[in-house]
Amino acid sequence: MAEASRDGGSGDPRYLPIAEHGLIGDLRSVALVGTDGTMDWYCCPAFDAPSVFASILDAERGGSFRLSAAGPAKTKQFYFPDTNVLITRFFTEDGVGEVQDFMPIRGERAEAERHRLIRRVVCVRGSVVFRARVAPRFDFGAQPHTLRMDDGVAVFASAGLTLALTATVPLETDGPDARSEFKLAEGESAVFALDQVGGEVAPRRCPRMEAEEEFQTTVAYWRRWLSQSRYRGRWREMVHRSALTLKLLTYAPTGAIVA
């Protein structure tokens with residue numbers, strides 16, 4: 001268990017090595033999450049779309065979705081067994097908390113176009129103060145955006161893409177960004193959901209119960225898919241993780257795998 005530090009090998013603490021990231025997706029797009037809880041790459045609505053978060057490339061102008069313990073913490077990142085649901089766990093002086101990152105796999109067209117990204121925060125032991133900052137920078141930081149609060153929902157609108165952020169904890173605006181700081185006690189949780197909206201897709205909240213259902217449904221999807229594997233050799237865990245990653249990089253509408 002190592003404390004996460006942003007150092008991509010060049011001595012610059014703003015960048016985590018690529019190996020210090022996990023991957024989530026919905027078979028249409030993907031996001032990278034660092035071991036410090038920062039989502040520093042996300043493109044929407046497709047694998048080859050311009051970025052929304054790209055601080056992995058440019059810490060100043062790339063944009064990110066930071067969600068982590070507010071104080072000093074050691075971290076550990078792993079996948080929920082046999083799935084592409086990513087867990088980043090924070091160990092602080094006062095308790096243990098974790099962020100569960102996943103994107104539901106949608107079949108129906110309207111909900112598939114939402115590209116919902118869920119970040120569920122859970123306090124496992126004691127109490128933990130978490131801090132979130134959502135700072136999209138559309139089109140690799142080249143496209144400006146506006147931010148408005150609509151009944152507690154943060155709506156980020158650019159010329160080519162609009163995203164809506166909902167949360168079960170209060171959100172505040174900070175210039176073009178949204179932020180939140182909150183404390184969870186053992187057994188308590190909070191949910192952040194980021195959706196593409198516009199056209200037929202309207203902003204929609206993600207209550208805690210719905211997030212739990214989405215978590216279970218997403219876990220079931222990946223385990224059902226993996227159950228087709230017939231490999232039973234000594235490298236089973238590595239082979240299955242590789243298979244899950246390749247599936248995650250498959251574009252569902254065509255079946256093509258990202259190069």
# chains A, B, ... in the order shown; residues from 1 in each chain; ligands from 1

call {"tool": "residues_around", "arguments": {"residues": "region 80-95 of chain A", "least_positions_apart": "2", "cutoff": "9 Å", "atoms": "only C-alpha atoms", "output": "count of residues only"}}
result
48

call {"tool": "select_by_dssp", "arguments": {"residues": "region 67-240 of chain A", "states": "strand (DSSP E or B)", "output": "JSON, numbers by chain"}}
result
{"A": [67, 68, 69, 74, 75, 76, 77, 78, 79, 86, 87, 88, 89, 90, 91, 95, 96, 97, 98, 99, 100, 101, 102, 117, 118, 119, 120, 121, 122, 123, 124, 125, 126, 127, 128, 129, 130, 131, 132, 133, 134, 135, 138, 143, 145, 146, 147, 148, 149, 150, 153, 154, 155, 156, 157, 158, 162, 163, 164, 165, 166, 167, 172, 173, 174, 177, 178, 179, 180, 181, 182, 183, 184, 185, 189, 190, 191, 192, 193, 194, 195, 196, 198, 201]}

call {"tool": "residues_around", "arguments": {"residues": "Met209 (chain A)", "least_positions_apart": "2", "cutoff": "12 Å", "atoms": "only C-alpha atoms", "output": "MDAnalysis selection string"}}
result
chainID A and resid 120 168 189:191 205:207 211:216

call {"tool": "residues_around", "arguments": {"residues": "region 144-156 of chain A", "least_positions_apart": "3", "cutoff": "6 Å", "atoms": "only C-alpha atoms", "output": "MDAnalysis selection string"}}
result
chainID A and resid 162:166 176

call {"tool": "atom_distance", "arguments": {"atom1": "CA of Phe140 (chain A)", "atom2": "CA of Ala54 (chain A)"}}
result
6.5 Å
